[in-house]
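Asks: Provided herewith: work.cif, mmCIF, C-alpha atoms.
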```cif
data_run
loop_
_atom_site.label_atom_id
_atom_site.label_comp_id
_atom_site.auth_asym_id
_atom_site.auth_seq_id
_atom_site.Cartn_x
_atom_site.Cartn_y
_atom_site.Cartn_z
CA MET A 1 68.83 11.40 37.79
CA SER A 2 70.86 13.04 35.03
CA LYS A 3 71.02 16.82 34.69
CA LYS A 4 69.01 16.62 31.46
CA ASP A 5 66.27 14.53 33.12
CA GLN A 6 66.17 16.91 36.07
CA THR A 7 65.72 19.88 33.74
CA LEU A 8 62.93 18.08 31.88
CA LYS A 9 61.26 17.30 35.21
CA ASP A 10 61.52 20.98 36.18
CA ILE A 11 59.97 22.05 32.86
CA LEU A 12 57.03 19.65 33.29
CA ASP A 13 56.54 20.75 36.89
CA LEU A 14 56.44 24.36 35.73
CA ILE A 15 53.82 23.59 33.07
CA LEU A 16 51.69 21.66 35.57
CA TYR A 17 51.77 24.13 38.42
CA GLU A 18 52.72 27.56 37.07
CA ASN A 19 50.80 27.65 33.75
CA PRO A 20 53.46 29.36 31.59
CA ALA A 21 52.19 30.87 28.34
CA THR A 22 55.33 30.52 26.19
CA GLN A 23 58.64 28.70 25.95
CA GLU A 24 60.35 32.01 26.61
CA GLU A 25 58.56 32.20 29.97
CA ILE A 26 59.62 28.64 30.85
CA ALA A 27 63.24 29.42 29.93
CA GLU A 28 63.25 32.65 31.92
CA GLN A 29 61.83 31.06 35.07
CA LEU A 30 64.28 28.13 34.97
CA GLY A 31 67.30 30.18 33.92
CA ILE A 32 67.95 28.18 30.74
CA THR A 33 67.79 29.03 27.04
CA ARG A 34 64.58 28.88 25.02
CA ARG A 35 66.45 26.70 22.50
CA TYR A 36 67.12 24.11 25.23
CA VAL A 37 63.46 24.18 26.30
CA THR A 38 62.45 23.55 22.68
CA LYS A 39 64.92 20.68 22.37
CA LEU A 40 63.60 18.90 25.48
CA LEU A 41 59.92 19.48 24.72
CA GLN A 42 60.00 18.72 20.99
CA PRO A 43 59.74 14.89 21.32
CA LEU A 44 56.90 15.27 23.85
CA VAL A 45 55.02 17.67 21.59
CA LYS A 46 55.41 15.22 18.68
CA ASP A 47 54.01 12.25 20.63
CA GLY A 48 51.16 14.31 22.08
CA THR A 49 52.29 14.27 25.72
CA VAL A 50 52.62 18.06 25.73
CA LYS A 51 50.02 20.04 23.80
CA ARG A 52 50.51 23.48 22.34
CA ALA A 53 49.56 26.38 24.67
CA TYR A 54 51.05 24.10 27.28
CA MET A 55 48.80 21.37 28.48
CA ILE A 56 50.05 17.99 29.62
CA ASP A 57 48.38 14.68 28.84
CA LEU A 58 48.16 12.96 32.21
CA LYS A 59 48.71 9.46 30.84
CA GLY A 60 51.77 10.54 28.90
CA TYR A 61 53.12 12.34 31.93
CA GLU A 62 52.77 9.20 34.06
CA ARG A 63 54.91 7.33 31.51
CA ILE A 64 57.64 9.99 31.58
CA ALA A 65 57.64 10.40 35.36
CA GLU A 66 57.81 6.63 35.76
CA SER A 67 60.92 6.53 33.55
CA LEU A 68 62.46 9.18 35.79
CA ASN A 69 61.69 7.00 38.85
CA ASP A 70 59.69 9.90 40.22
CA TYR A 71 56.10 8.70 40.03
CA ILE A 72 53.66 6.67 42.13
CA SER A 73 50.21 5.84 40.78
CA PRO A 74 47.61 8.11 42.41
CA LYS A 75 45.29 5.13 42.97
CA GLU A 76 47.90 3.49 45.19
CA THR A 77 48.37 6.40 47.59
CA SER A 78 46.68 6.68 50.99
CA GLY A 79 46.52 10.45 50.50
CA ASN A 80 44.19 9.88 47.57
CA VAL A 81 41.80 7.91 49.82
CA LEU A 82 42.01 10.55 52.55
CA VAL A 83 41.01 13.44 50.28
CA ASN A 84 38.25 11.33 48.71
CA ASP A 85 36.78 10.81 52.18
CA MET A 86 37.06 14.49 52.99
CA LEU A 87 35.28 15.42 49.74
CA ASN A 88 32.57 12.85 50.45
CA ASN A 89 31.98 14.35 53.88
CA MET A 90 31.92 17.85 52.45
CA ALA A 91 29.35 16.84 49.83
CA LYS A 92 27.12 15.32 52.54
CA HIS A 93 27.41 18.49 54.60
CA VAL A 94 26.48 20.68 51.60
CA HIS A 95 23.45 18.46 50.95
CA SER A 96 22.37 18.99 54.56
CA GLN A 97 22.98 22.73 54.21
CA LEU A 98 20.79 22.85 51.10
CA GLU A 99 18.06 20.82 52.82
CA GLU A 100 18.07 23.11 55.87
CA SER A 101 17.97 26.20 53.65
CA PHE A 102 15.02 25.01 51.60
CA ASN A 103 13.13 23.70 54.64
CA ALA A 104 13.46 27.21 56.07
CA VAL A 105 11.70 28.51 52.95
CA LEU A 106 9.01 25.82 52.99
CA GLU A 107 8.22 26.40 56.66
CA TYR A 108 9.01 30.10 56.58
CA ASP A 109 11.27 29.44 59.58
CA GLU A 110 13.85 32.13 60.35
CA GLU A 111 15.55 29.94 62.97
CA LYS A 112 16.25 27.24 60.37
CA ALA A 113 17.48 29.89 57.94
CA ASN A 114 19.99 31.12 60.52
CA ARG A 115 21.13 27.54 61.17
CA ALA A 116 21.67 27.04 57.45
CA LEU A 117 23.83 30.18 57.32
CA GLU A 118 25.85 28.95 60.29
CA MET A 119 26.47 25.68 58.43
CA ASP A 120 28.26 27.70 55.75
CA TYR A 121 31.12 28.38 58.19
CA ALA A 122 31.71 24.62 58.40
CA THR A 123 31.57 24.38 54.58
CA ASN A 124 34.27 27.06 54.28
CA ASN A 125 36.42 25.27 56.88
CA MET A 126 36.09 22.00 55.00
CA VAL A 127 37.35 23.44 51.74
CA GLU A 128 40.35 24.93 53.52
CA LYS A 129 41.15 21.56 55.14
CA ILE A 130 41.01 19.85 51.75
CA ARG A 131 43.33 22.44 50.22
CA THR A 132 45.77 22.08 53.12
CA SER A 133 45.68 18.27 52.92
CA VAL A 134 46.34 18.28 49.17
CA GLU A 135 49.24 20.72 49.62
CA THR A 136 50.71 18.48 52.34
CA ILE A 137 50.45 15.34 50.22
CA VAL A 138 51.98 17.05 47.19
CA SER A 139 54.83 18.50 49.24
CA ILE A 140 55.74 14.97 50.34
CA ASP A 141 55.62 13.45 46.86
CA LYS A 142 54.49 15.92 44.21
CA HIS A 143 54.00 13.45 41.37
CA SER A 144 51.99 10.95 43.40
CA GLU A 145 49.15 13.47 43.50
CA PHE A 146 49.87 15.88 40.65
CA SER A 147 46.37 15.56 39.13
CA LYS A 148 44.60 15.69 42.48
CA SER A 149 46.43 18.88 43.36
CA MET A 150 44.52 20.57 40.55
CA LEU A 151 41.25 18.66 40.49
CA TYR A 152 40.48 17.89 44.14
CA ASN A 153 40.81 21.55 45.04
CA GLU A 154 38.61 22.50 42.11
CA VAL A 155 35.79 20.17 43.23
CA ALA A 156 36.10 21.42 46.83
CA TYR A 157 35.81 24.99 45.56
CA ASP A 158 32.71 24.03 43.53
CA LEU A 159 31.07 22.55 46.63
CA GLU A 160 31.90 25.75 48.50
CA ARG A 161 30.14 27.74 45.78
CA ILE A 162 27.05 25.54 46.14
CA GLY A 163 27.17 26.29 49.86
CA ASP A 164 27.20 30.01 49.07
CA TYR A 165 24.06 29.62 46.96
CA CYS A 166 22.41 27.76 49.85
CA GLY A 167 23.01 30.97 51.78
CA HIS A 168 21.09 32.95 49.15
CA ILE A 169 18.09 30.67 49.72
CA ALA A 170 18.29 30.97 53.51
CA LYS A 171 18.59 34.76 53.34
CA PHE A 172 15.27 34.92 51.48
CA VAL A 173 13.49 33.99 54.72
CA ILE A 174 15.52 36.43 56.81
CA ASN A 175 15.27 39.39 54.42
CA ASP A 176 11.72 38.96 53.19
CA VAL A 177 8.29 39.58 54.73
CA TYR A 178 6.08 37.66 52.28
CA GLU A 179 5.45 33.96 51.82
CA ILE A 180 5.90 32.52 48.33
CA ASP A 181 2.93 32.05 46.01
CA GLU A 182 1.93 28.36 45.88
CA ASN A 183 2.38 28.01 42.10
CA ILE A 184 5.91 29.45 42.27
CA LEU A 185 6.68 27.28 45.29
CA LYS A 186 5.78 24.15 43.31
CA LYS A 187 8.40 25.05 40.71
CA LEU A 188 10.97 25.74 43.43
CA LYS A 189 10.31 22.32 45.00
CA LYS A 190 11.05 20.66 41.67
CA MET A 191 14.19 22.77 41.19
CA TYR A 192 15.36 21.82 44.67
CA LYS A 193 14.93 18.08 44.03
CA THR A 194 16.61 18.36 40.64
CA ALA A 195 19.58 20.27 42.10
CA GLN A 196 20.01 17.65 44.84
CA LYS A 197 20.07 14.85 42.25
CA MET A 198 22.57 16.71 40.08
CA ILE A 199 24.99 17.28 42.95
CA ARG A 200 24.80 13.60 43.92
CA LEU A 201 25.42 12.39 40.35
CA ALA A 202 28.36 14.76 39.85
CA MET A 203 30.04 13.73 43.10
CA LYS A 204 29.41 10.04 42.45
CA SER A 205 31.11 10.45 39.09
CA PHE A 206 34.16 12.15 40.59
CA ILE A 207 34.61 9.94 43.65
CA GLU A 208 33.79 6.61 42.00
CA GLY A 209 34.87 7.35 38.42
CA LYS A 210 31.37 6.80 36.98
CA THR A 211 31.68 9.25 34.11
CA GLU A 212 28.91 7.45 32.22
CA LEU A 213 26.49 9.35 34.48
CA LYS A 214 27.02 12.48 32.40
CA ASP A 215 24.04 11.74 30.11
CA ASP A 216 21.72 11.50 33.13
CA LEU A 217 23.17 14.71 34.52
CA MET A 218 22.66 16.61 31.27
CA GLU A 219 19.01 15.54 31.15
CA LEU A 220 18.57 17.01 34.62
CA GLU A 221 20.41 20.14 33.48
CA ASP A 222 17.82 20.62 30.72
CA SER A 223 15.02 20.09 33.26
CA ILE A 224 16.33 22.65 35.72
CA HIS A 225 16.64 25.30 32.99
CA ILE A 226 13.06 24.64 31.88
CA LEU A 227 11.87 24.93 35.49
CA GLN A 228 13.84 28.15 35.88
CA SER A 229 12.14 29.65 32.83
CA LYS A 230 8.69 28.68 34.10
CA ALA A 231 9.40 30.05 37.58
CA ILE A 232 10.66 33.36 36.17
CA ASN A 233 7.54 33.68 33.98
CA LEU A 234 5.31 33.15 37.02
CA ILE A 235 7.25 35.74 39.00
CA ALA A 236 7.07 38.21 36.11
CA THR A 237 3.28 37.73 35.92
CA GLN A 238 2.98 38.30 39.65
CA MET A 239 5.13 41.43 39.37
CA ALA A 240 2.86 42.80 36.64
CA GLU A 241 -0.14 42.34 38.91
CA ASN A 242 1.42 44.20 41.84
CA SER A 243 2.35 47.79 42.46
CA PHE A 244 5.96 48.66 43.16
CA ASP A 245 4.98 51.51 45.46
CA GLU A 246 5.91 49.37 48.44
CA LYS A 247 9.66 48.95 48.83
CA GLU A 248 9.21 45.68 50.73
CA ARG A 249 7.18 44.19 47.89
CA SER A 250 9.81 45.07 45.30
CA ASN A 251 12.51 43.53 47.53
CA TYR A 252 10.42 40.35 47.71
CA PHE A 253 10.68 39.88 43.94
CA ILE A 254 14.44 40.61 43.94
CA TYR A 255 15.08 38.02 46.65
CA LEU A 256 12.78 35.52 44.94
CA PHE A 257 14.70 35.84 41.67
CA ARG A 258 17.89 35.10 43.65
CA VAL A 259 16.38 31.86 44.99
CA VAL A 260 15.50 30.71 41.45
CA LYS A 261 18.97 31.67 40.21
CA ALA A 262 20.59 29.83 43.14
CA PHE A 263 19.07 26.51 42.08
CA GLU A 264 19.99 27.09 38.44
CA ARG A 265 23.61 27.85 39.40
CA MET A 266 23.81 24.69 41.53
CA GLY A 267 22.89 22.74 38.42
CA ASP A 268 25.56 24.51 36.37
CA ILE A 269 28.19 23.86 39.05
CA SER A 270 27.24 20.17 39.11
CA VAL A 271 27.96 20.03 35.37
CA GLU A 272 31.35 21.68 36.03
CA ILE A 273 32.15 18.98 38.62
CA MET A 274 31.21 16.33 36.05
CA ASP A 275 33.56 17.94 33.52
CA VAL A 276 36.38 17.81 36.09
CA SER A 277 35.56 14.16 36.76
CA ILE A 278 35.85 13.33 33.07
CA GLU A 279 39.15 15.24 32.82
CA PHE A 280 40.60 13.21 35.65
CA HIS A 281 39.24 9.71 35.06
CA GLU A 282 39.60 9.77 31.28
CA ASN A 283 43.06 11.42 31.37
CA ILE A 284 42.05 14.47 29.37
CA PRO A 285 44.82 17.13 29.34
CA ARG A 286 44.45 19.89 31.91
CA SER A 287 44.08 23.19 30.06
CA THR A 288 46.07 26.17 31.29
CA THR A 289 43.21 28.47 30.23
CA PRO A 290 41.00 29.49 33.19
CA ARG A 291 37.66 27.67 33.11
CA SER A 292 35.67 30.90 32.74
CA PHE A 293 37.43 31.63 29.40
CA ARG A 294 37.26 28.13 27.89
#
```
Show the structure stored in the file as structure tokens.

Replies:
Amino acid sequence: MSKKDQTLKDILDLILYENPATQEEIAEQLGITRRYVTKLLQPLVKDGTVKRAYMIDLKGYERIAESLNDYISPKETSGNVLVNDMLNNMAKHVHSQLEESFNAVLEYDEEKANRALEMDYATNNMVEKIRTSVETIVSIDKHSEFSKSMLYNEVAYDLERIGDYCGHIAKFVINDVYEIDENILKKLKKMYKTAQKMIRLAMKSFIEGKTELKDDLMELEDSIHILQSKAINLIATQMAENSFDEKERSNYFIYLFRVVKAFERMGDISVEIMDVSIEFHENIPRSTTPRSFR
């Protein structure tokens, strides 16, 4: 590889993994002039491979890396299959964790609630194993898994967050001393089923590339927000009918709001996983702006 090609490779690596904000920052980190950075990037900016504010079009990057003899298609790598399997297993575990958490609420079973919380340790271990596996694969051949290094870890983190919200549901049984009103419970049952469906659709899209499932997912997203609103209205009515003189009773409503919010957040996270799936499978440039500020 020529010195010029090596420098271009280093610039693209820096954009992919370090998220530089300016050409000056790229030049400073690589010990070259900003003028030289501009010269090498200018053709790629013109053809749309590199976007302003420093995003890289994955398809365009594959073409460049291939010309540098430094790229292997992600779909051909065994590491890709390995991490897919690990994510699949993690998703199944999180589904079981959610089921155990909600069954604890339905049966008002503290033992099941504690089991659900224990399952969260396994969820946390799984996300760490996925991160380690991705890092290992990338260290062997960075460009064979450059997109997965960003997106697989992001999906694993999203599943971990869903596991955390399962913990909020389980803690309701442990922290509270009142059973849930039947009308509110009916809404929670529907939110639970909707959240389960949303997680399954989002993961199916990411693992199997079925991005056309987004329309179905967004319909479910609308449903879960409507259910959330109805559940909150019922809780507010119940609050108005009860005195807050008892500390335990006021805590009941706080914990119950957390359960409703947990299901709503699971739906939002499922939409985030779908967005990541579309980024990957449709080769949409990876933004350097953190998701929370997009």

Asks: Which residue, A:Ser101, A:Gln23, A:Val83, A:Ala113, has the smallest gap to Glu128 of chain A when you use all atoms listed in the file?

Replies: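 Closest candidate: A:Val83.
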
Asks: Separation of atom CA of Thr38 of chain A and atom CA of Gln6 of chain A, in Å?

Replies: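 Interatomic distance here is 15.4 Å.
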
Asks: Check the smallest atom-to-atom distance from each of A:Glu100, A:Ile15, A:Thr123, A:Gly167 to Thr49 of chain A using all atoms listed in the file, then report the winner.

Replies: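 For Thr49 of chain A, the nearest of the given residues is A:Ile15.
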
Asks: Distance atom CA of Leu82 of chain A-atom CA of Asp275 of chain A, one decimal place?

Replies: 22.1 Å

Asks: Could you please determine the separation between atom CA of Thr22 of chain A and atom CA of Val37 of chain A in Å, to one decimal place?

Replies: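 Result for atom CA of Thr22 of chain A versus atom CA of Val37 of chain A: 10.3 Å, one decimal.
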
Asks: Suppose a student applies the PyMOL selection byres ((chain A and resi 161) around 10) to this structure; what residues should they get, written as a list in words?

Replies: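 Here the PyMOL selection byres ((chain A and resi 161) around 10) matches Val94, Thr123, Asn124, Val155, Ala156, Tyr157, Asp158, Leu159, Glu160, Ile162, Gly163, Asp164, Tyr165, Cys166, Gly167, Arg265, Met266 and Ile269 of chain A.
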
Asks: Which of these, A:Ile169, A:Met203, A:Met90, A:Ala236, has the shortest distance to Lys261 of chain A once you count only C-alpha atoms?

Replies: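 The answer is A:Ile169, which sits nearest to Lys261 of chain A.
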
Asks: Place a sphere of radius 12 Å on (17.7, 25.6, 54.7) in the file coordinates and name every protein, DNA or RNA residue with an atom inside or on its surface, counting all atoms listed in the file; give the answer as number ranges by chain.

Replies: A: 94-120, 163-174, 192, 259

Asks: So, counting all atoms listed in the file, which residue among A:Lys190, A:Arg200, A:Ile273, A:Gly209 is closest to Val260 of chain A?

Replies: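 Of the candidates, the smallest distance to Val260 of chain A is held by A:Lys190.
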
Asks: Tell me which of A:Glu179, A:Asp85, A:Glu28, A:Glu264 sits closest to Ile207 of chain A, counting only C-alpha atoms.

Replies: A:Asp85

Asks: Just want the 12 Å neighbourhood of Tyr36 of chain A, counted on all atoms listed in the file, with same-chain residues fewer than 3 positions away dropped. Output as a PDB file with C-alpha atoms, keeping the file's coordinate frame.

Replies:
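Produced file selection-v4.pdb, reproduced below:
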```pdb
ATOM      1  CA  LYS A   4      69.010  16.620  31.460  1.00  0.00           C
ATOM      2  CA  THR A   7      65.720  19.880  33.740  1.00  0.00           C
ATOM      3  CA  LEU A   8      62.930  18.080  31.880  1.00  0.00           C
ATOM      4  CA  ILE A  11      59.970  22.050  32.860  1.00  0.00           C
ATOM      5  CA  GLN A  23      58.640  28.700  25.950  1.00  0.00           C
ATOM      6  CA  GLU A  24      60.350  32.010  26.610  1.00  0.00           C
ATOM      7  CA  ILE A  26      59.620  28.640  30.850  1.00  0.00           C
ATOM      8  CA  ALA A  27      63.240  29.420  29.930  1.00  0.00           C
ATOM      9  CA  GLU A  28      63.250  32.650  31.920  1.00  0.00           C
ATOM     10  CA  LEU A  30      64.280  28.130  34.970  1.00  0.00           C
ATOM     11  CA  GLY A  31      67.300  30.180  33.920  1.00  0.00           C
ATOM     12  CA  ILE A  32      67.950  28.180  30.740  1.00  0.00           C
ATOM     13  CA  THR A  33      67.790  29.030  27.040  1.00  0.00           C
ATOM     14  CA  LYS A  39      64.920  20.680  22.370  1.00  0.00           C
ATOM     15  CA  LEU A  40      63.600  18.900  25.480  1.00  0.00           C
ATOM     16  CA  LEU A  41      59.920  19.480  24.720  1.00  0.00           C
ATOM     17  CA  GLN A  42      60.000  18.720  20.990  1.00  0.00           C
TER      18      GLN A  42
END
```

Asks: Using N, CA and C atoms, give me segment 228-264 of chain A from the structure I just pasted, as a compact mmCIF listing (two decimals), in the first residue's frame.

Replies:
```
# COMPACT_ATOMS: atom_id res chain seq x y z
N GLN A 228 -50.41 3.86 27.42
CA GLN A 228 -49.74 4.58 28.50
C GLN A 228 -50.61 5.73 29.00
N SER A 229 -51.17 6.49 28.06
CA SER A 229 -52.01 7.63 28.43
C SER A 229 -53.23 7.17 29.22
N LYS A 230 -53.85 6.09 28.77
CA LYS A 230 -55.04 5.58 29.47
C LYS A 230 -54.68 5.08 30.86
N ALA A 231 -53.56 4.38 30.97
CA ALA A 231 -53.13 3.87 32.28
C ALA A 231 -52.84 5.01 33.25
N ILE A 232 -52.16 6.05 32.76
CA ILE A 232 -51.84 7.20 33.62
C ILE A 232 -53.11 7.91 34.08
N ASN A 233 -54.09 8.02 33.18
CA ASN A 233 -55.37 8.66 33.56
C ASN A 233 -56.07 7.86 34.65
N LEU A 234 -56.04 6.54 34.55
CA LEU A 234 -56.66 5.69 35.57
C LEU A 234 -55.94 5.84 36.91
N ILE A 235 -54.62 5.89 36.85
CA ILE A 235 -53.84 6.05 38.09
C ILE A 235 -54.13 7.41 38.71
N ALA A 236 -54.19 8.45 37.87
CA ALA A 236 -54.47 9.80 38.38
C ALA A 236 -55.84 9.86 39.05
N THR A 237 -56.83 9.17 38.46
CA THR A 237 -58.17 9.13 39.06
C THR A 237 -58.13 8.44 40.41
N GLN A 238 -57.39 7.33 40.46
CA GLN A 238 -57.27 6.59 41.72
C GLN A 238 -56.55 7.42 42.77
N MET A 239 -55.55 8.18 42.35
CA MET A 239 -54.83 9.05 43.28
C MET A 239 -55.76 10.10 43.87
N ALA A 240 -56.63 10.65 43.01
CA ALA A 240 -57.55 11.69 43.47
C ALA A 240 -58.55 11.16 44.50
N GLU A 241 -58.81 9.88 44.42
CA GLU A 241 -59.79 9.27 45.33
C GLU A 241 -59.17 8.80 46.64
N ASN A 242 -57.85 8.89 46.74
CA ASN A 242 -57.17 8.39 47.94
C ASN A 242 -56.41 9.50 48.65
N SER A 243 -56.29 9.34 49.94
CA SER A 243 -55.53 10.29 50.75
C SER A 243 -54.05 9.95 50.67
N PHE A 244 -53.24 11.00 50.73
CA PHE A 244 -51.79 10.78 50.71
C PHE A 244 -51.20 10.83 52.12
N ASP A 245 -52.07 10.66 53.11
CA ASP A 245 -51.58 10.67 54.49
C ASP A 245 -50.67 9.48 54.75
N GLU A 246 -50.99 8.36 54.08
CA GLU A 246 -50.17 7.17 54.27
C GLU A 246 -48.99 7.20 53.30
N LYS A 247 -47.79 7.08 53.86
CA LYS A 247 -46.58 7.10 53.03
C LYS A 247 -46.56 5.91 52.07
N GLU A 248 -46.99 4.74 52.58
CA GLU A 248 -46.97 3.54 51.75
C GLU A 248 -47.87 3.70 50.53
N ARG A 249 -49.01 4.33 50.73
CA ARG A 249 -49.95 4.51 49.62
C ARG A 249 -49.38 5.46 48.56
N SER A 250 -48.70 6.49 48.98
CA SER A 250 -48.09 7.41 48.01
C SER A 250 -46.97 6.71 47.25
N ASN A 251 -46.20 5.86 47.94
CA ASN A 251 -45.14 5.09 47.29
C ASN A 251 -45.72 4.15 46.23
N TYR A 252 -46.89 3.59 46.53
CA TYR A 252 -47.56 2.68 45.60
C TYR A 252 -47.75 3.37 44.24
N PHE A 253 -48.24 4.61 44.26
CA PHE A 253 -48.49 5.32 43.01
C PHE A 253 -47.19 5.65 42.29
N ILE A 254 -46.15 6.00 43.03
CA ILE A 254 -44.84 6.28 42.42
C ILE A 254 -44.31 5.05 41.70
N TYR A 255 -44.35 3.90 42.38
CA TYR A 255 -43.85 2.66 41.79
C TYR A 255 -44.70 2.23 40.60
N LEU A 256 -46.02 2.48 40.69
CA LEU A 256 -46.92 2.10 39.61
C LEU A 256 -46.65 2.94 38.36
N PHE A 257 -46.39 4.22 38.53
CA PHE A 257 -46.01 5.07 37.40
C PHE A 257 -44.73 4.54 36.74
N ARG A 258 -43.80 4.05 37.53
CA ARG A 258 -42.55 3.51 36.99
C ARG A 258 -42.79 2.29 36.13
N VAL A 259 -43.76 1.44 36.54
CA VAL A 259 -44.09 0.26 35.75
C VAL A 259 -44.64 0.68 34.38
N VAL A 260 -45.56 1.63 34.38
CA VAL A 260 -46.14 2.13 33.12
C VAL A 260 -45.04 2.72 32.24
N LYS A 261 -44.17 3.52 32.84
CA LYS A 261 -43.08 4.15 32.09
C LYS A 261 -42.11 3.10 31.54
N ALA A 262 -41.90 2.02 32.29
CA ALA A 262 -40.98 0.96 31.85
C ALA A 262 -41.44 0.36 30.53
N PHE A 263 -42.73 0.06 30.42
CA PHE A 263 -43.25 -0.51 29.18
C PHE A 263 -43.15 0.49 28.03
N GLU A 264 -43.45 1.75 28.31
CA GLU A 264 -43.36 2.78 27.28
C GLU A 264 -41.93 2.93 26.77
```
